[in-house]
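Encoded as structure tokens, the structure appears first; notes follow it.
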Amino acid sequence: MYLFEFNLRTRKASKNTSPEYAVRYLKSKDGLMVEIGDGYRHELWLDAKYWNRIIRIIKNDQLNKSGIQAITSGLMGHCLPKKYEKNLIFAIKKNKIKEIR
């Protein structure tokens, strides 16, 4: 079902991240999508083009720390617990989480 799953607790790609907090890529009837969260109640769905832009912003240091927090705590605040923010940023910068294609 999922094209890619990244467990935010273990900081590793995985085959079955449910019910863990994770980044998941999937193909839907509307095209490529990204699901961030626990896959149950705390989740955010993003179109691939918006997710790819977020990836580039974080990877290329296009925002300062408060700008990144606006994304991780603001936009993703309900689906990304504070304790996993650093794991998400680390994974993006280390190219463990890549743009969805």
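In the structure tokens, each chain is lettered A, B, ... as it comes, each chain's residues begin at 1, and ligands are numbered from 1 in order of appearance.
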
*Residues of chain A in alpha helix (DSSP H) according to DSSP, as a list in words?*
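DSSP-assigned alpha helix (DSSP H) residues in chain A: Ala48, Lys49, Tyr50, Trp51, Asn52, Arg53, Ile54, Ile55, Arg56, Ile57, Ile58, Lys59, Lys65, Ser66, Gly67, Ile68, Gln69, Lys82, Lys83, Tyr84, Glu85, Lys86, Asn87, Leu88, Ile89, Phe90, Ala91, Ile92 and Lys93 of chain A.
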
Export of the given selection (N, CA, C and O atoms) as a short mmCIF file (atom, residue, chain, number, x, y, z; two decimals), in the first residue's frame:
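Final file, selection35.cif:
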```
data_model
loop_
_atom_site.label_atom_id
_atom_site.label_comp_id
_atom_site.auth_asym_id
_atom_site.auth_seq_id
_atom_site.Cartn_x
_atom_site.Cartn_y
_atom_site.Cartn_z
N ALA A 48 2.15 15.76 -2.95
CA ALA A 48 3.59 15.56 -3.15
C ALA A 48 4.32 16.86 -3.47
O ALA A 48 5.43 17.08 -2.97
N LYS A 49 3.72 17.75 -4.27
CA LYS A 49 4.44 18.97 -4.65
C LYS A 49 4.71 19.87 -3.44
O LYS A 49 5.75 20.50 -3.35
N TYR A 50 3.79 19.89 -2.48
CA TYR A 50 3.99 20.71 -1.28
C TYR A 50 5.01 20.06 -0.35
O TYR A 50 5.84 20.74 0.25
N TRP A 51 4.95 18.73 -0.23
CA TRP A 51 5.90 18.01 0.60
C TRP A 51 7.32 18.19 0.04
O TRP A 51 8.27 18.44 0.79
N ASN A 52 7.46 18.05 -1.27
CA ASN A 52 8.78 18.21 -1.89
C ASN A 52 9.35 19.60 -1.62
O ASN A 52 10.55 19.76 -1.41
N ARG A 53 8.50 20.60 -1.60
CA ARG A 53 8.95 21.96 -1.31
C ARG A 53 9.43 22.06 0.14
O ARG A 53 10.46 22.68 0.43
N ILE A 54 8.71 21.44 1.06
CA ILE A 54 9.13 21.42 2.47
C ILE A 54 10.48 20.72 2.61
O ILE A 54 11.36 21.20 3.33
N ILE A 55 10.65 19.61 1.91
CA ILE A 55 11.92 18.88 1.94
C ILE A 55 13.07 19.81 1.50
O ILE A 55 14.11 19.88 2.14
N ARG A 56 12.89 20.50 0.39
CA ARG A 56 13.93 21.39 -0.12
C ARG A 56 14.22 22.54 0.85
O ARG A 56 15.38 22.92 1.03
N ILE A 57 13.19 23.09 1.46
CA ILE A 57 13.37 24.18 2.43
C ILE A 57 14.23 23.72 3.59
O ILE A 57 15.18 24.40 4.00
N ILE A 58 13.92 22.55 4.15
CA ILE A 58 14.66 22.05 5.30
C ILE A 58 16.07 21.62 4.89
O ILE A 58 17.05 21.99 5.54
N LYS A 59 16.19 20.86 3.82
CA LYS A 59 17.48 20.33 3.39
C LYS A 59 18.47 21.44 3.02
O LYS A 59 19.66 21.36 3.34
N LYS A 65 15.89 28.81 12.31
CA LYS A 65 15.30 27.86 13.26
C LYS A 65 13.81 28.15 13.51
O LYS A 65 13.00 27.23 13.54
N SER A 66 13.44 29.41 13.65
CA SER A 66 12.03 29.72 13.91
C SER A 66 11.17 29.46 12.68
O SER A 66 10.01 29.10 12.80
N GLY A 67 11.75 29.59 11.50
CA GLY A 67 11.02 29.26 10.28
C GLY A 67 10.75 27.77 10.17
O GLY A 67 9.66 27.35 9.77
N ILE A 68 11.74 26.97 10.52
CA ILE A 68 11.56 25.51 10.52
C ILE A 68 10.52 25.13 11.57
O ILE A 68 9.67 24.27 11.34
N GLN A 69 10.56 25.78 12.72
CA GLN A 69 9.57 25.50 13.77
C GLN A 69 8.16 25.87 13.31
O GLN A 69 7.20 25.23 13.73
N LYS A 82 6.55 16.90 19.51
CA LYS A 82 7.80 17.66 19.67
C LYS A 82 9.02 16.74 19.73
O LYS A 82 10.06 17.06 19.18
N LYS A 83 8.87 15.60 20.40
CA LYS A 83 10.01 14.70 20.57
C LYS A 83 10.51 14.11 19.25
O LYS A 83 11.62 13.57 19.20
N TYR A 84 9.72 14.21 18.17
CA TYR A 84 10.14 13.67 16.88
C TYR A 84 10.55 14.74 15.87
O TYR A 84 10.97 14.41 14.76
N GLU A 85 10.45 16.00 16.23
CA GLU A 85 10.82 17.08 15.31
C GLU A 85 12.27 16.96 14.87
O GLU A 85 12.57 17.04 13.68
N LYS A 86 13.18 16.75 15.81
CA LYS A 86 14.60 16.63 15.47
C LYS A 86 14.86 15.42 14.60
O LYS A 86 15.71 15.46 13.71
N ASN A 87 14.13 14.33 14.83
CA ASN A 87 14.31 13.13 14.02
C ASN A 87 13.89 13.38 12.58
O ASN A 87 14.55 12.91 11.65
N LEU A 88 12.81 14.12 12.39
CA LEU A 88 12.35 14.44 11.04
C LEU A 88 13.38 15.31 10.33
O LEU A 88 13.78 15.02 9.20
N ILE A 89 13.85 16.35 10.99
CA ILE A 89 14.84 17.25 10.38
C ILE A 89 16.14 16.51 10.08
O ILE A 89 16.71 16.64 8.99
N PHE A 90 16.60 15.69 11.01
CA PHE A 90 17.80 14.88 10.80
C PHE A 90 17.65 13.99 9.57
O PHE A 90 18.54 13.92 8.72
N ALA A 91 16.53 13.30 9.48
CA ALA A 91 16.30 12.36 8.37
C ALA A 91 16.26 13.07 7.02
O ALA A 91 16.77 12.56 6.03
N ILE A 92 15.67 14.25 7.00
CA ILE A 92 15.63 15.02 5.74
C ILE A 92 17.03 15.49 5.36
O ILE A 92 17.46 15.34 4.22
N LYS A 93 17.76 16.03 6.32
CA LYS A 93 19.10 16.54 6.02
C LYS A 93 20.08 15.42 5.64
O LYS A 93 20.98 15.64 4.84
#
```

Neighbouring residues of Leu44 (chain A) were defined as those with any atom within 9 Å, considering only C-alpha atoms; residues of the same chain fewer than 3 positions away were excluded. Please report them as an mmCIF file with all heavy atoms, in the first residue's frame.
```cif
data_model
loop_
_atom_site.group_PDB
_atom_site.id
_atom_site.type_symbol
_atom_site.label_atom_id
_atom_site.label_comp_id
_atom_site.auth_asym_id
_atom_site.auth_seq_id
_atom_site.Cartn_x
_atom_site.Cartn_y
_atom_site.Cartn_z
ATOM 1 N N VAL A 34 1.578 12.379 0.792
ATOM 2 C CA VAL A 34 2.399 12.099 1.958
ATOM 3 C C VAL A 34 1.504 12.163 3.189
ATOM 4 O O VAL A 34 0.720 13.095 3.353
ATOM 5 C CB VAL A 34 3.556 13.109 2.093
ATOM 6 C CG1 VAL A 34 4.355 12.856 3.358
ATOM 7 C CG2 VAL A 34 4.446 13.059 0.869
ATOM 8 N N GLU A 35 1.619 11.149 4.017
ATOM 9 C CA GLU A 35 0.904 11.108 5.298
ATOM 10 C C GLU A 35 1.950 11.228 6.393
ATOM 11 O O GLU A 35 2.937 10.492 6.402
ATOM 12 C CB GLU A 35 0.154 9.783 5.440
ATOM 13 C CG GLU A 35 -0.498 9.600 6.787
ATOM 14 C CD GLU A 35 -1.036 8.180 6.982
ATOM 15 O OE1 GLU A 35 -1.354 7.506 6.000
ATOM 16 O OE2 GLU A 35 -1.109 7.757 8.147
ATOM 17 N N ILE A 36 1.730 12.151 7.306
ATOM 18 C CA ILE A 36 2.625 12.335 8.441
ATOM 19 C C ILE A 36 1.784 12.145 9.692
ATOM 20 O O ILE A 36 0.716 12.730 9.812
ATOM 21 C CB ILE A 36 3.251 13.744 8.450
ATOM 22 C CG1 ILE A 36 3.949 14.015 7.130
ATOM 23 C CG2 ILE A 36 4.217 13.910 9.621
ATOM 24 C CD1 ILE A 36 4.195 15.467 6.865
ATOM 25 N N GLY A 37 2.246 11.314 10.612
ATOM 26 C CA GLY A 37 1.521 11.112 11.855
ATOM 27 C C GLY A 37 1.478 9.670 12.273
ATOM 28 O O GLY A 37 2.286 8.847 11.834
ATOM 29 N N GLY A 39 -1.099 7.634 11.771
ATOM 30 C CA GLY A 39 -1.944 6.825 10.897
ATOM 31 C C GLY A 39 -3.304 6.517 11.486
ATOM 32 O O GLY A 39 -4.055 5.717 10.929
ATOM 33 N N LEU A 75 2.446 23.983 11.144
ATOM 34 C CA LEU A 75 1.762 23.157 10.147
ATOM 35 C C LEU A 75 1.585 21.715 10.613
ATOM 36 O O LEU A 75 0.516 21.136 10.492
ATOM 37 C CB LEU A 75 2.552 23.176 8.830
ATOM 38 C CG LEU A 75 2.048 22.254 7.717
ATOM 39 C CD1 LEU A 75 0.686 22.723 7.218
ATOM 40 C CD2 LEU A 75 3.047 22.197 6.583
ATOM 41 N N MET A 76 2.638 21.135 11.169
ATOM 42 C CA MET A 76 2.618 19.723 11.554
ATOM 43 C C MET A 76 2.368 19.509 13.044
ATOM 44 O O MET A 76 2.488 18.389 13.528
ATOM 45 C CB MET A 76 3.952 19.068 11.178
ATOM 46 C CG MET A 76 4.257 19.098 9.718
ATOM 47 S SD MET A 76 5.870 18.339 9.419
ATOM 48 C CE MET A 76 6.092 18.748 7.706
ATOM 49 N N HIS A 78 -0.123 19.115 15.043
ATOM 50 C CA HIS A 78 -1.080 18.117 15.536
ATOM 51 C C HIS A 78 -0.707 16.689 15.134
ATOM 52 O O HIS A 78 -1.291 15.735 15.636
ATOM 53 C CB HIS A 78 -2.490 18.444 15.032
ATOM 54 C CG HIS A 78 -2.679 18.223 13.576
ATOM 55 N ND1 HIS A 78 -2.204 19.090 12.633
ATOM 56 C CD2 HIS A 78 -3.279 17.208 12.910
ATOM 57 C CE1 HIS A 78 -2.505 18.619 11.437
ATOM 58 N NE2 HIS A 78 -3.145 17.494 11.570
ATOM 59 N N CYS A 79 0.279 16.527 14.246
ATOM 60 C CA CYS A 79 0.624 15.181 13.778
ATOM 61 C C CYS A 79 2.082 14.817 14.047
ATOM 62 O O CYS A 79 2.482 13.688 13.775
ATOM 63 C CB CYS A 79 0.340 15.055 12.286
ATOM 64 S SG CYS A 79 1.415 16.072 11.256
ATOM 65 N N LEU A 80 2.859 15.745 14.563
ATOM 66 C CA LEU A 80 4.276 15.516 14.813
ATOM 67 C C LEU A 80 4.614 15.926 16.241
ATOM 68 O O LEU A 80 4.803 17.118 16.515
ATOM 69 C CB LEU A 80 5.129 16.322 13.814
ATOM 70 C CG LEU A 80 6.636 16.189 13.924
ATOM 71 C CD1 LEU A 80 7.089 14.781 13.569
ATOM 72 C CD2 LEU A 80 7.321 17.211 13.038
#
```

_Just to confirm, what's the straight-line distance from CA of Leu8 (chain A) to CA of Lys98 (chain A) in Å (one decimal)?_
14.1 Å

_Residues near Thr17 (chain A), anyone? I mean within 8 Å using only C-alpha atoms, not counting same-chain ones fewer than 2 positions away, as number ranges by chain._
A: 5-7, 14-15, 19-22

Written selection (N, CA and C atoms) as a compact mmCIF listing (two decimals), in the first residue's frame:
```
# COMPACT_ATOMS: atom_id res chain seq x y z
N GLU A 5 7.96 4.19 3.89
CA GLU A 5 7.60 4.49 5.27
C GLU A 5 8.87 4.77 6.06
N PHE A 6 8.84 5.82 6.86
CA PHE A 6 9.97 6.17 7.71
C PHE A 6 9.47 6.35 9.13
N ASN A 7 9.94 5.50 10.02
CA ASN A 7 9.55 5.53 11.42
C ASN A 7 10.29 6.67 12.12
N SER A 14 11.04 1.62 7.17
CA SER A 14 10.41 0.41 7.68
C SER A 14 9.30 -0.03 6.74
N LYS A 15 8.89 -1.28 6.87
CA LYS A 15 7.80 -1.80 6.05
C LYS A 15 6.43 -1.61 6.71
N PRO A 19 1.30 1.37 14.42
CA PRO A 19 0.71 2.67 14.70
C PRO A 19 1.74 3.73 15.12
N GLU A 20 2.97 3.59 14.69
CA GLU A 20 4.03 4.53 15.05
C GLU A 20 3.86 5.87 14.31
N TYR A 21 4.45 6.91 14.86
CA TYR A 21 4.53 8.18 14.14
C TYR A 21 5.54 8.00 13.02
N ALA A 22 5.11 8.36 11.82
CA ALA A 22 5.94 8.10 10.65
C ALA A 22 5.62 9.06 9.52
```
